[in-house]
>>> print(open('coords09.cif').read())   # mmCIF, C-alpha atoms and all ligand atoms; chains and numbers go by the auth columns
data_input
#
loop_
_atom_site.group_PDB
_atom_site.id
_atom_site.type_symbol
_atom_site.label_atom_id
_atom_site.label_comp_id
_atom_site.label_asym_id
_atom_site.label_seq_id
_atom_site.Cartn_x
_atom_site.Cartn_y
_atom_site.Cartn_z
_atom_site.B_iso_or_equiv
_atom_site.auth_seq_id
_atom_site.auth_asym_id
ATOM 1 C CA MET A 1 0.000 0.000 0.000 0.00 1373 A
ATOM 2 C CA PRO A 2 1.525 3.409 -0.946 0.00 1374 A
ATOM 3 C CA LYS A 3 2.049 5.940 1.800 0.00 1375 A
ATOM 4 C CA LEU A 4 -1.060 8.076 2.388 0.00 1376 A
ATOM 5 C CA ARG A 5 -0.478 11.731 1.656 0.00 1377 A
ATOM 6 C CA PHE A 6 -2.552 14.644 2.958 0.00 1378 A
ATOM 7 C CA ASP A 7 -2.398 18.071 1.353 0.00 1379 A
ATOM 8 C CA ILE A 8 -4.198 20.722 3.371 0.00 1380 A
ATOM 9 C CA LEU A 9 -5.158 24.015 1.722 0.00 1381 A
ATOM 10 C CA THR A 10 -5.668 26.590 4.423 0.00 1382 A
ATOM 11 C CA LEU A 11 -5.369 30.277 5.249 0.00 1383 A
ATOM 12 C CA PHE A 12 -3.937 29.310 8.634 0.00 1384 A
ATOM 13 C CA PRO A 13 -1.163 26.711 8.239 0.00 1385 A
ATOM 14 C CA GLN A 14 0.110 27.493 11.739 0.00 1386 A
ATOM 15 C CA PHE A 15 -3.166 26.129 13.116 0.00 1387 A
ATOM 16 C CA PHE A 16 -1.758 22.627 12.490 0.00 1388 A
ATOM 17 C CA ALA A 17 1.670 23.223 14.029 0.00 1389 A
ATOM 18 C CA SER A 18 1.032 21.893 17.512 0.00 1390 A
ATOM 19 C CA PRO A 19 -1.160 18.849 16.632 0.00 1391 A
ATOM 20 C CA LEU A 20 1.445 17.679 14.124 0.00 1392 A
ATOM 21 C CA LYS A 21 4.198 17.983 16.720 0.00 1393 A
ATOM 22 C CA GLU A 22 2.436 15.924 19.389 0.00 1394 A
ATOM 23 C CA SER A 23 1.767 12.319 20.192 0.00 1395 A
ATOM 24 C CA LEU A 24 0.762 9.746 17.573 0.00 1396 A
ATOM 25 C CA LEU A 25 0.599 12.117 14.603 0.00 1397 A
ATOM 26 C CA GLN A 26 4.143 13.256 15.283 0.00 1398 A
ATOM 27 C CA LYS A 27 5.281 9.635 15.684 0.00 1399 A
ATOM 28 C CA ALA A 28 3.591 8.588 12.431 0.00 1400 A
ATOM 29 C CA LEU A 29 5.352 11.419 10.589 0.00 1401 A
ATOM 30 C CA ALA A 30 8.677 10.464 12.157 0.00 1402 A
ATOM 31 C CA LYS A 31 8.112 6.823 11.141 0.00 1403 A
ATOM 32 C CA ASP A 32 7.237 8.015 7.619 0.00 1404 A
ATOM 33 C CA LEU A 33 3.848 6.263 7.739 0.00 1405 A
ATOM 34 C CA LEU A 34 2.172 9.254 6.149 0.00 1406 A
ATOM 35 C CA GLU A 35 2.966 12.584 4.580 0.00 1407 A
ATOM 36 C CA ILE A 36 1.300 15.888 5.385 0.00 1408 A
ATOM 37 C CA ASN A 37 1.781 19.028 3.296 0.00 1409 A
ATOM 38 C CA LEU A 38 0.361 22.368 4.309 0.00 1410 A
ATOM 39 C CA LEU A 39 -0.355 24.890 1.608 0.00 1411 A
ATOM 40 C CA ASP A 40 -1.080 28.534 2.409 0.00 1412 A
ATOM 41 C CA ILE A 41 -3.949 29.747 0.205 0.00 1413 A
ATOM 42 C CA ARG A 42 -2.736 33.305 0.802 0.00 1414 A
ATOM 43 C CA ASP A 43 0.350 32.585 -1.348 0.00 1415 A
ATOM 44 C CA PHE A 44 -2.006 32.400 -4.345 0.00 1416 A
ATOM 45 C CA GLY A 45 -3.899 35.613 -3.506 0.00 1417 A
ATOM 46 C CA GLU A 46 -4.393 38.485 -5.950 0.00 1418 A
ATOM 47 C CA GLY A 47 -2.445 41.746 -6.017 0.00 1419 A
ATOM 48 C CA PRO A 48 -0.066 43.334 -3.534 0.00 1420 A
ATOM 49 C CA HIS A 49 -2.378 42.463 -0.636 0.00 1421 A
ATOM 50 C CA LYS A 50 -2.712 38.833 -1.720 0.00 1422 A
ATOM 51 C CA LYS A 51 -6.491 39.098 -1.672 0.00 1423 A
ATOM 52 C CA VAL A 52 -8.213 35.715 -1.410 0.00 1424 A
ATOM 53 C CA ASP A 53 -11.852 36.694 -0.898 0.00 1425 A
ATOM 54 C CA ASP A 54 -14.501 39.081 -2.140 0.00 1426 A
ATOM 55 C CA SER A 55 -18.038 40.141 -1.320 0.00 1427 A
ATOM 56 C CA PRO A 56 -20.876 37.899 -2.513 0.00 1428 A
ATOM 57 C CA PHE A 57 -22.663 38.628 -5.796 0.00 1429 A
ATOM 58 C CA GLY A 58 -26.290 39.407 -4.995 0.00 1430 A
ATOM 59 C CA GLY A 59 -25.326 41.075 -1.714 0.00 1431 A
ATOM 60 C CA GLY A 60 -25.414 39.767 1.817 0.00 1432 A
ATOM 61 C CA GLU A 61 -23.127 39.407 4.776 0.00 1433 A
ATOM 62 C CA GLY A 62 -19.500 38.314 4.834 0.00 1434 A
ATOM 63 C CA MET A 63 -16.926 37.382 2.253 0.00 1435 A
ATOM 64 C CA VAL A 64 -16.498 34.431 -0.078 0.00 1436 A
ATOM 65 C CA LEU A 65 -13.244 32.635 -0.992 0.00 1437 A
ATOM 66 C CA ARG A 66 -12.487 33.241 -4.674 0.00 1438 A
ATOM 67 C CA VAL A 67 -12.623 30.395 -7.174 0.00 1439 A
ATOM 68 C CA ASP A 68 -9.588 31.646 -9.165 0.00 1440 A
ATOM 69 C CA VAL A 69 -7.388 31.819 -6.058 0.00 1441 A
ATOM 70 C CA LEU A 70 -8.473 28.395 -4.792 0.00 1442 A
ATOM 71 C CA SER A 71 -8.064 26.861 -8.236 0.00 1443 A
ATOM 72 C CA LYS A 72 -4.486 28.164 -8.473 0.00 1444 A
ATOM 73 C CA ALA A 73 -3.700 26.774 -5.021 0.00 1445 A
ATOM 74 C CA LEU A 74 -5.157 23.400 -5.952 0.00 1446 A
ATOM 75 C CA SER A 75 -3.279 23.264 -9.279 0.00 1447 A
ATOM 76 C CA SER A 76 -0.003 23.661 -7.407 0.00 1448 A
ATOM 77 C CA VAL A 77 -0.571 20.389 -5.540 0.00 1449 A
ATOM 78 C CA LYS A 78 1.307 17.461 -7.009 0.00 1450 A
ATOM 79 C CA ARG A 79 -1.387 14.848 -7.626 0.00 1451 A
ATOM 80 C CA THR A 80 -1.102 11.107 -7.344 0.00 1452 A
ATOM 81 C CA LYS A 81 -3.320 8.710 -9.335 0.00 1453 A
ATOM 82 C CA ASN A 82 -5.714 7.832 -6.540 0.00 1454 A
ATOM 83 C CA SER A 83 -6.366 11.261 -5.069 0.00 1455 A
ATOM 84 C CA GLN A 84 -9.516 12.858 -3.741 0.00 1456 A
ATOM 85 C CA VAL A 85 -10.328 16.542 -3.267 0.00 1457 A
ATOM 86 C CA ILE A 86 -12.376 17.127 -0.129 0.00 1458 A
ATOM 87 C CA LEU A 87 -13.965 20.405 0.831 0.00 1459 A
ATOM 88 C CA LEU A 88 -14.751 20.759 4.520 0.00 1460 A
ATOM 89 C CA SER A 89 -18.261 22.116 4.645 0.00 1461 A
ATOM 90 C CA PRO A 90 -21.208 22.040 7.055 0.00 1462 A
ATOM 91 C CA GLY A 91 -23.333 21.022 4.058 0.00 1463 A
ATOM 92 C CA GLY A 92 -21.241 17.929 3.309 0.00 1464 A
ATOM 93 C CA THR A 93 -21.635 14.226 3.999 0.00 1465 A
ATOM 94 C CA ARG A 94 -21.256 13.572 7.705 0.00 1466 A
ATOM 95 C CA LEU A 95 -17.893 12.086 8.679 0.00 1467 A
ATOM 96 C CA THR A 96 -18.323 8.584 10.123 0.00 1468 A
ATOM 97 C CA GLN A 97 -15.946 5.760 10.953 0.00 1469 A
ATOM 98 C CA LYS A 98 -17.221 3.996 7.819 0.00 1470 A
ATOM 99 C CA LEU A 99 -16.352 6.984 5.630 0.00 1471 A
ATOM 100 C CA ALA A 100 -12.914 7.210 7.284 0.00 1472 A
ATOM 101 C CA ALA A 101 -12.339 3.539 6.430 0.00 1473 A
ATOM 102 C CA GLU A 102 -13.092 4.355 2.780 0.00 1474 A
ATOM 103 C CA LEU A 103 -10.842 7.415 2.754 0.00 1475 A
ATOM 104 C CA VAL A 104 -7.828 5.550 4.128 0.00 1476 A
ATOM 105 C CA GLN A 105 -7.856 3.446 0.944 0.00 1477 A
ATOM 106 C CA LYS A 106 -6.890 6.536 -1.098 0.00 1478 A
ATOM 107 C CA GLU A 107 -3.321 7.516 -1.897 0.00 1479 A
ATOM 108 C CA GLN A 108 -3.862 11.238 -1.456 0.00 1480 A
ATOM 109 C CA LEU A 109 -6.463 13.326 0.339 0.00 1481 A
ATOM 110 C CA ILE A 110 -6.512 17.021 -0.516 0.00 1482 A
ATOM 111 C CA LEU A 111 -8.408 18.823 2.233 0.00 1483 A
ATOM 112 C CA VAL A 112 -9.647 22.336 1.501 0.00 1484 A
ATOM 113 C CA ALA A 113 -10.499 24.412 4.564 0.00 1485 A
ATOM 114 C CA GLY A 114 -13.060 27.128 3.934 0.00 1486 A
ATOM 115 C CA ARG A 115 -13.312 30.410 5.830 0.00 1487 A
ATOM 116 C CA TYR A 116 -15.680 33.395 6.044 0.00 1488 A
ATOM 117 C CA GLU A 117 -19.038 32.596 4.409 0.00 1489 A
ATOM 118 C CA GLY A 118 -17.470 29.692 2.531 0.00 1490 A
ATOM 119 C CA VAL A 119 -16.120 29.125 -0.979 0.00 1491 A
ATOM 120 C CA ASP A 120 -17.397 30.158 -4.408 0.00 1492 A
ATOM 121 C CA GLN A 121 -19.756 27.379 -5.554 0.00 1493 A
ATOM 122 C CA ARG A 122 -17.903 27.072 -8.862 0.00 1494 A
ATOM 123 C CA PHE A 123 -14.835 25.767 -7.030 0.00 1495 A
ATOM 124 C CA THR A 124 -16.965 22.986 -5.542 0.00 1496 A
ATOM 125 C CA ASP A 125 -18.640 22.223 -8.880 0.00 1497 A
ATOM 126 C CA LEU A 126 -15.405 22.140 -10.868 0.00 1498 A
ATOM 127 C CA PHE A 127 -12.857 20.613 -8.530 0.00 1499 A
ATOM 128 C CA VAL A 128 -14.314 18.989 -5.427 0.00 1500 A
ATOM 129 C CA ASP A 129 -14.936 15.235 -5.286 0.00 1501 A
ATOM 130 C CA GLN A 130 -16.628 15.208 -1.924 0.00 1502 A
ATOM 131 C CA GLU A 131 -17.820 17.686 0.704 0.00 1503 A
ATOM 132 C CA ILE A 132 -17.447 16.503 4.286 0.00 1504 A
ATOM 133 C CA SER A 133 -19.039 17.869 7.431 0.00 1505 A
ATOM 134 C CA ILE A 134 -17.935 16.933 10.938 0.00 1506 A
ATOM 135 C CA GLY A 135 -21.354 17.664 12.412 0.00 1507 A
ATOM 136 C CA ASP A 136 -24.413 19.866 12.441 0.00 1508 A
ATOM 137 C CA TYR A 137 -22.836 23.019 13.812 0.00 1509 A
ATOM 138 C CA ILE A 138 -20.840 25.928 12.392 0.00 1510 A
ATOM 139 C CA LEU A 139 -17.116 26.329 13.003 0.00 1511 A
ATOM 140 C CA ASN A 140 -15.143 29.495 12.243 0.00 1512 A
ATOM 141 C CA GLY A 141 -13.218 27.680 9.555 0.00 1513 A
ATOM 142 C CA GLY A 142 -12.451 24.338 7.971 0.00 1514 A
ATOM 143 C CA GLU A 143 -9.141 23.856 9.817 0.00 1515 A
ATOM 144 C CA THR A 144 -10.687 22.183 12.873 0.00 1516 A
ATOM 145 C CA ALA A 145 -12.725 19.934 10.575 0.00 1517 A
ATOM 146 C CA ALA A 146 -9.657 19.115 8.445 0.00 1518 A
ATOM 147 C CA LEU A 147 -7.778 18.126 11.585 0.00 1519 A
ATOM 148 C CA VAL A 148 -10.653 15.867 12.639 0.00 1520 A
ATOM 149 C CA VAL A 149 -10.661 14.165 9.215 0.00 1521 A
ATOM 150 C CA LEU A 150 -6.868 13.887 9.260 0.00 1522 A
ATOM 151 C CA GLU A 151 -6.743 12.299 12.700 0.00 1523 A
ATOM 152 C CA THR A 152 -9.671 9.941 12.125 0.00 1524 A
ATOM 153 C CA VAL A 153 -8.278 8.658 8.827 0.00 1525 A
ATOM 154 C CA ALA A 154 -4.611 8.631 9.903 0.00 1526 A
ATOM 155 C CA ARG A 155 -5.242 6.327 12.871 0.00 1527 A
ATOM 156 C CA LEU A 156 -6.531 3.713 10.423 0.00 1528 A
ATOM 157 C CA VAL A 157 -3.191 3.669 8.610 0.00 1529 A
ATOM 158 C CA PRO A 158 -1.480 0.353 9.481 0.00 1530 A
ATOM 159 C CA GLY A 159 1.171 0.978 12.149 0.00 1531 A
ATOM 160 C CA PHE A 160 -0.264 4.324 13.291 0.00 1532 A
ATOM 161 C CA VAL A 161 -1.756 2.928 16.494 0.00 1533 A
ATOM 162 C CA GLY A 162 0.581 0.478 18.234 0.00 1534 A
ATOM 163 C CA LYS A 163 -1.870 -2.436 18.250 0.00 1535 A
ATOM 164 C CA GLU A 164 -3.956 -2.670 15.095 0.00 1536 A
ATOM 165 C CA LYS A 165 -6.683 -4.554 16.952 0.00 1537 A
ATOM 166 C CA SER A 166 -7.405 -1.486 19.058 0.00 1538 A
ATOM 167 C CA THR A 167 -8.782 0.377 16.012 0.00 1539 A
ATOM 168 C CA GLN A 168 -10.928 -2.605 15.062 0.00 1540 A
ATOM 169 C CA GLN A 169 -12.684 -2.874 18.428 0.00 1541 A
ATOM 170 C CA GLU A 170 -13.736 0.666 19.152 0.00 1542 A
ATOM 171 C CA SER A 171 -17.030 2.493 19.191 0.00 1543 A
ATOM 172 C CA PHE A 172 -18.686 2.427 15.748 0.00 1544 A
ATOM 173 C CA SER A 173 -16.913 -0.816 14.832 0.00 1545 A
ATOM 174 C CA VAL A 174 -19.054 -3.765 13.825 0.00 1546 A
ATOM 175 C CA PHE A 175 -19.034 -6.313 16.654 0.00 1547 A
ATOM 176 C CA GLU A 176 -19.997 -9.921 16.097 0.00 1548 A
ATOM 177 C CA LEU A 177 -21.328 -12.315 18.700 0.00 1549 A
ATOM 178 C CA GLU A 178 -23.041 -15.639 18.081 0.00 1550 A
ATOM 179 C CA GLY A 179 -23.305 -14.876 14.363 0.00 1551 A
ATOM 180 C CA LYS A 180 -24.973 -11.503 14.905 0.00 1552 A
ATOM 181 C CA LYS A 181 -23.230 -8.357 13.613 0.00 1553 A
ATOM 182 C CA GLN A 182 -23.976 -4.973 15.150 0.00 1554 A
ATOM 183 C CA MET A 183 -22.476 -1.502 15.119 0.00 1555 A
ATOM 184 C CA LEU A 184 -22.029 -0.673 18.783 0.00 1556 A
ATOM 185 C CA LEU A 185 -20.468 1.842 21.097 0.00 1557 A
ATOM 186 C CA GLU A 186 -17.595 0.390 23.051 0.00 1558 A
ATOM 187 C CA TYR A 187 -18.038 -1.450 26.365 0.00 1559 A
ATOM 188 C CA PRO A 188 -16.829 0.327 29.554 0.00 1560 A
ATOM 189 C CA HIS A 189 -13.187 0.055 30.621 0.00 1561 A
ATOM 190 C CA TYR A 190 -11.779 -0.293 34.140 0.00 1562 A
ATOM 191 C CA THR A 191 -8.269 -0.335 35.581 0.00 1563 A
ATOM 192 C CA ARG A 192 -6.598 -0.212 39.015 0.00 1564 A
ATOM 193 C CA PRO A 193 -7.583 0.388 41.743 0.00 1565 A
ATOM 194 C CA ALA A 194 -10.196 -2.395 41.860 0.00 1566 A
ATOM 195 C CA GLU A 195 -12.223 -0.286 44.304 0.00 1567 A
ATOM 196 C CA PHE A 196 -12.533 3.505 44.400 0.00 1568 A
ATOM 197 C CA GLN A 197 -14.845 5.494 46.711 0.00 1569 A
ATOM 198 C CA GLY A 198 -16.930 2.372 47.248 0.00 1570 A
ATOM 199 C CA GLN A 199 -17.245 1.701 43.494 0.00 1571 A
ATOM 200 C CA LYS A 200 -16.048 -1.798 42.637 0.00 1572 A
ATOM 201 C CA VAL A 201 -14.934 -3.046 39.257 0.00 1573 A
ATOM 202 C CA PRO A 202 -17.504 -5.547 37.884 0.00 1574 A
ATOM 203 C CA GLU A 203 -16.546 -8.925 39.358 0.00 1575 A
ATOM 204 C CA ILE A 204 -16.571 -10.700 36.027 0.00 1576 A
ATOM 205 C CA LEU A 205 -13.606 -8.642 34.772 0.00 1577 A
ATOM 206 C CA LEU A 206 -11.500 -10.085 37.597 0.00 1578 A
ATOM 207 C CA SER A 207 -12.637 -13.675 36.925 0.00 1579 A
ATOM 208 C CA GLY A 208 -10.083 -14.512 34.237 0.00 1580 A
ATOM 209 C CA ASN A 209 -12.858 -16.216 32.225 0.00 1581 A
ATOM 210 C CA HIS A 210 -12.272 -14.735 28.761 0.00 1582 A
ATOM 211 C CA GLU A 211 -15.411 -16.159 27.166 0.00 1583 A
ATOM 212 C CA LYS A 212 -17.629 -14.735 29.901 0.00 1584 A
ATOM 213 C CA ILE A 213 -15.804 -11.401 29.780 0.00 1585 A
ATOM 214 C CA LYS A 214 -16.320 -11.207 26.019 0.00 1586 A
ATOM 215 C CA LYS A 215 -20.039 -11.893 26.420 0.00 1587 A
ATOM 216 C CA TRP A 216 -20.352 -9.341 29.251 0.00 1588 A
ATOM 217 C CA ARG A 217 -18.572 -6.706 27.172 0.00 1589 A
ATOM 218 C CA HIS A 218 -20.835 -7.352 24.229 0.00 1590 A
ATOM 219 C CA GLU A 219 -23.956 -7.149 26.394 0.00 1591 A
ATOM 220 C CA THR A 220 -22.909 -3.913 28.124 0.00 1592 A
ATOM 221 C CA ALA A 221 -21.929 -2.391 24.755 0.00 1593 A
ATOM 222 C CA PHE A 222 -25.353 -3.336 23.408 0.00 1594 A
ATOM 223 C CA GLU A 223 -27.216 -1.911 26.425 0.00 1595 A
ATOM 224 C CA LYS A 224 -25.254 1.353 26.246 0.00 1596 A
ATOM 225 C CA THR A 225 -25.868 1.685 22.509 0.00 1597 A
ATOM 226 C CA LYS A 226 -29.600 0.980 22.943 0.00 1598 A
ATOM 227 C CA LYS A 227 -29.768 3.671 25.620 0.00 1599 A
ATOM 228 C CA VAL A 228 -27.743 6.505 24.082 0.00 1600 A
ATOM 229 C CA ARG A 229 -27.514 5.769 20.336 0.00 1601 A
ATOM 230 C CA PRO A 230 -30.423 3.540 19.305 0.00 1602 A
ATOM 231 C CA ASP A 231 -30.001 4.876 15.746 0.00 1603 A
ATOM 232 C CA LEU A 232 -26.788 2.816 15.408 0.00 1604 A
ATOM 233 C CA LEU A 233 -28.741 -0.409 15.951 0.00 1605 A
ATOM 234 C CA ASP A 234 -30.950 0.346 12.948 0.00 1606 A
HETATM 235 N N1 LIG B . -21.832 30.162 5.698 0.00 1 B
HETATM 236 C C1 LIG B . -21.562 28.769 5.874 0.00 1 B
HETATM 237 C C2 LIG B . -22.852 27.993 6.092 0.00 1 B
HETATM 238 O O1 LIG B . -23.795 28.593 6.620 0.00 1 B
HETATM 239 O O2 LIG B . -22.900 26.803 5.758 0.00 1 B
HETATM 240 C C3 LIG B . -20.616 28.545 7.064 0.00 1 B
HETATM 241 C C4 LIG B . -19.242 29.019 6.811 0.00 1 B
HETATM 242 S S1 LIG B . -18.142 28.668 8.135 0.00 1 B
HETATM 243 C C5 LIG B . -18.238 30.122 9.117 0.00 1 B
HETATM 244 C C6 LIG B . -16.563 28.787 7.371 0.00 1 B
HETATM 245 C C7 LIG B . -15.949 27.468 6.959 0.00 1 B
HETATM 246 O O3 LIG B . -15.804 26.622 8.083 0.00 1 B
HETATM 247 C C8 LIG B . -16.709 26.628 5.957 0.00 1 B
HETATM 248 O O4 LIG B . -16.492 27.077 4.643 0.00 1 B
HETATM 249 C C9 LIG B . -16.162 25.251 6.197 0.00 1 B
HETATM 250 O O5 LIG B . -14.967 25.041 5.495 0.00 1 B
HETATM 251 C C10 LIG B . -15.864 25.269 7.686 0.00 1 B
HETATM 252 N N2 LIG B . -16.891 24.597 8.507 0.00 1 B
HETATM 253 C C11 LIG B . -17.742 25.189 9.365 0.00 1 B
HETATM 254 N N3 LIG B . -18.511 24.289 9.974 0.00 1 B
HETATM 255 C C12 LIG B . -18.133 23.080 9.510 0.00 1 B
HETATM 256 C C13 LIG B . -18.564 21.747 9.770 0.00 1 B
HETATM 257 N N4 LIG B . -19.536 21.488 10.613 0.00 1 B
HETATM 258 N N5 LIG B . -17.946 20.741 9.097 0.00 1 B
HETATM 259 C C14 LIG B . -16.951 20.997 8.222 0.00 1 B
HETATM 260 N N6 LIG B . -16.510 22.252 7.936 0.00 1 B
HETATM 261 C C15 LIG B . -17.092 23.262 8.573 0.00 1 B
#
>>> encode(input="coords09.cif", output="structure tokens")
Amino acid sequence: MPKLRFDILTLFPQFFASPLKESLLQKALAKDLLEINLLDIRDFGEGPHKKVDDSPFGGGEGMVLRVDVLSKALSSVKRTKNSQVILLSPGGTRLTQKLAAELVQKEQLILVAGRYEGVDQRFTDLFVDQEISIGDYILNGGETAALVVLETVARLVPGFVGKEKSTQQESFSVFELEGKKQMLLEYPHYTRPAEFQGQKVPEILLSGNHEKIKKWRHETAFEKTKKVRPDLLD
């Protein structure tokens, strides 16, 4: 599998500085498991002030990112064969674990972070393969959303998380018990001390009986999912 490459088009490249220097993302970059390129949209702006936006035709509040500027920025990205251009947008397809599992199969993900009122629709129509939203709320800009997509997809890259199994048995994974497959939230975890402020760890987890523990975990995951996210069981 070729190394997954992310190209992020943003007006705020520094936004990504700290997350890329910390923890697993930093380790993955050091191990050369993935490549991340940050591209400053401002570098492709018009005139002495490097203007990247303008007021909307038809009037209204705010500014819109210009199609010519964004198109120039996108053209400067070296493309691989299996690449996908993603615009972060509240009006996009909702990011799910399933979508992340599809995206990790690509060779290159080009993430475009909008700002202000958003981007000129012609950029979306001409160049964008998929619009992705991280939820039904409005952020100041696409950078936070791009980081969420980056982190969710990156941790599915083989070797990113120490033990591969841990990404296969998390919330939103499909769990199978006695031939039945279900998308569930994860079961609860416990660690030492075995008792804290009168709260004891469920006895079964201390029993050493792996079959029974597996069944208990499945049942508690099911009960939790039924209670807080019944939609997942549909
Ligand atoms: N006027 C836009 C609307 O009502 O849909 C919102 C623009 S928002 C202030 C600026 C940028 O933030 C968007 O272009 C998009 O890139 C990003 N953004 C905001 N909320 C988002 C979300 N829930 N998911 C993904 N991107 C989001």
>>> closest_residue(input="coords09.cif", among="A:Val1600, A:Leu1376, A:Ala1485, A:Ile1413", to="ligand LIG 1 (chain B)", atoms="only C-alpha atoms and all ligand atoms")
A:Ala1485
>>> closest_residue(input="coords09.cif", among="A:Arg1466, A:Arg1601, A:Lys1596, A:Lys1444", to="ligand LIG 1 (chain B)", atoms="all atoms listed in the file")
A:Arg1466
>>> axis_aligned_box(input="coords09.cif", around="segment 1404-1421 of chain A", padding_each_side="3 Å", output="lines of an AutoDock Vina configuration file")
center_x = 1.4
center_y = 24.8
center_z = 0.9
size_x = 17.6
size_y = 43.1
size_z = 19.8
>>> atom_distance(input="coords09.cif", atom1="atom CA of Met1373 of chain A", atom2="atom CA of Ser1448 of chain A")
24.8 Å
>>> atom_distance(input="coords09.cif", atom1="atom CA of Val1484 of chain A", atom2="atom CA of Pro1428 of chain A")
19.6 Å
>>> closest_atom_pairs(input="coords09.cif", of="chain A", to="ligand LIG 1 (chain B)", cutoff="7 Å", atoms="only C-alpha atoms and all ligand atoms", output="CSV")
residue,atom,partner,partner_atom,distance
A:Leu1459,CA,B:LIG1,O5,6.7
A:Leu1460,CA,B:LIG1,N6,4.1
A:Ser1461,CA,B:LIG1,N6,3.7
A:Pro1462,CA,B:LIG1,C13,3.8
A:Gly1463,CA,B:LIG1,O2,6.0
A:Ala1485,CA,B:LIG1,O5,4.6
A:Gly1486,CA,B:LIG1,O5,3.2
A:Arg1487,CA,B:LIG1,C6,3.9
A:Tyr1488,CA,B:LIG1,C6,4.9
A:Glu1489,CA,B:LIG1,N1,3.9
A:Gly1490,CA,B:LIG1,O4,3.5
A:Val1491,CA,B:LIG1,O4,6.0
A:Ile1504,CA,B:LIG1,C14,6.0
A:Ser1505,CA,B:LIG1,N5,3.5
A:Ile1506,CA,B:LIG1,N5,4.2
A:Gly1507,CA,B:LIG1,N4,4.6
A:Asp1508,CA,B:LIG1,N4,5.5
A:Tyr1509,CA,B:LIG1,N4,4.8
A:Ile1510,CA,B:LIG1,N3,3.7
A:Leu1511,CA,B:LIG1,C11,3.9
A:Asn1512,CA,B:LIG1,C5,4.4
A:Gly1513,CA,B:LIG1,O3,3.2
A:Gly1514,CA,B:LIG1,C10,3.5
A:Ala1517,CA,B:LIG1,C14,5.0
>>> closest_residue(input="coords09.cif", among="A:Glu1503, A:Glu1515, A:Asp1603, A:Glu1575", to="Phe1544 of chain A", atoms="only C-alpha atoms")
A:Asp1603
>>> closest_residue(input="coords09.cif", among="A:Gln1502, A:Ser1538, A:Gln1554, A:Gln1569", to="Pro1602 of chain A", atoms="all atoms listed in the file")
A:Gln1554
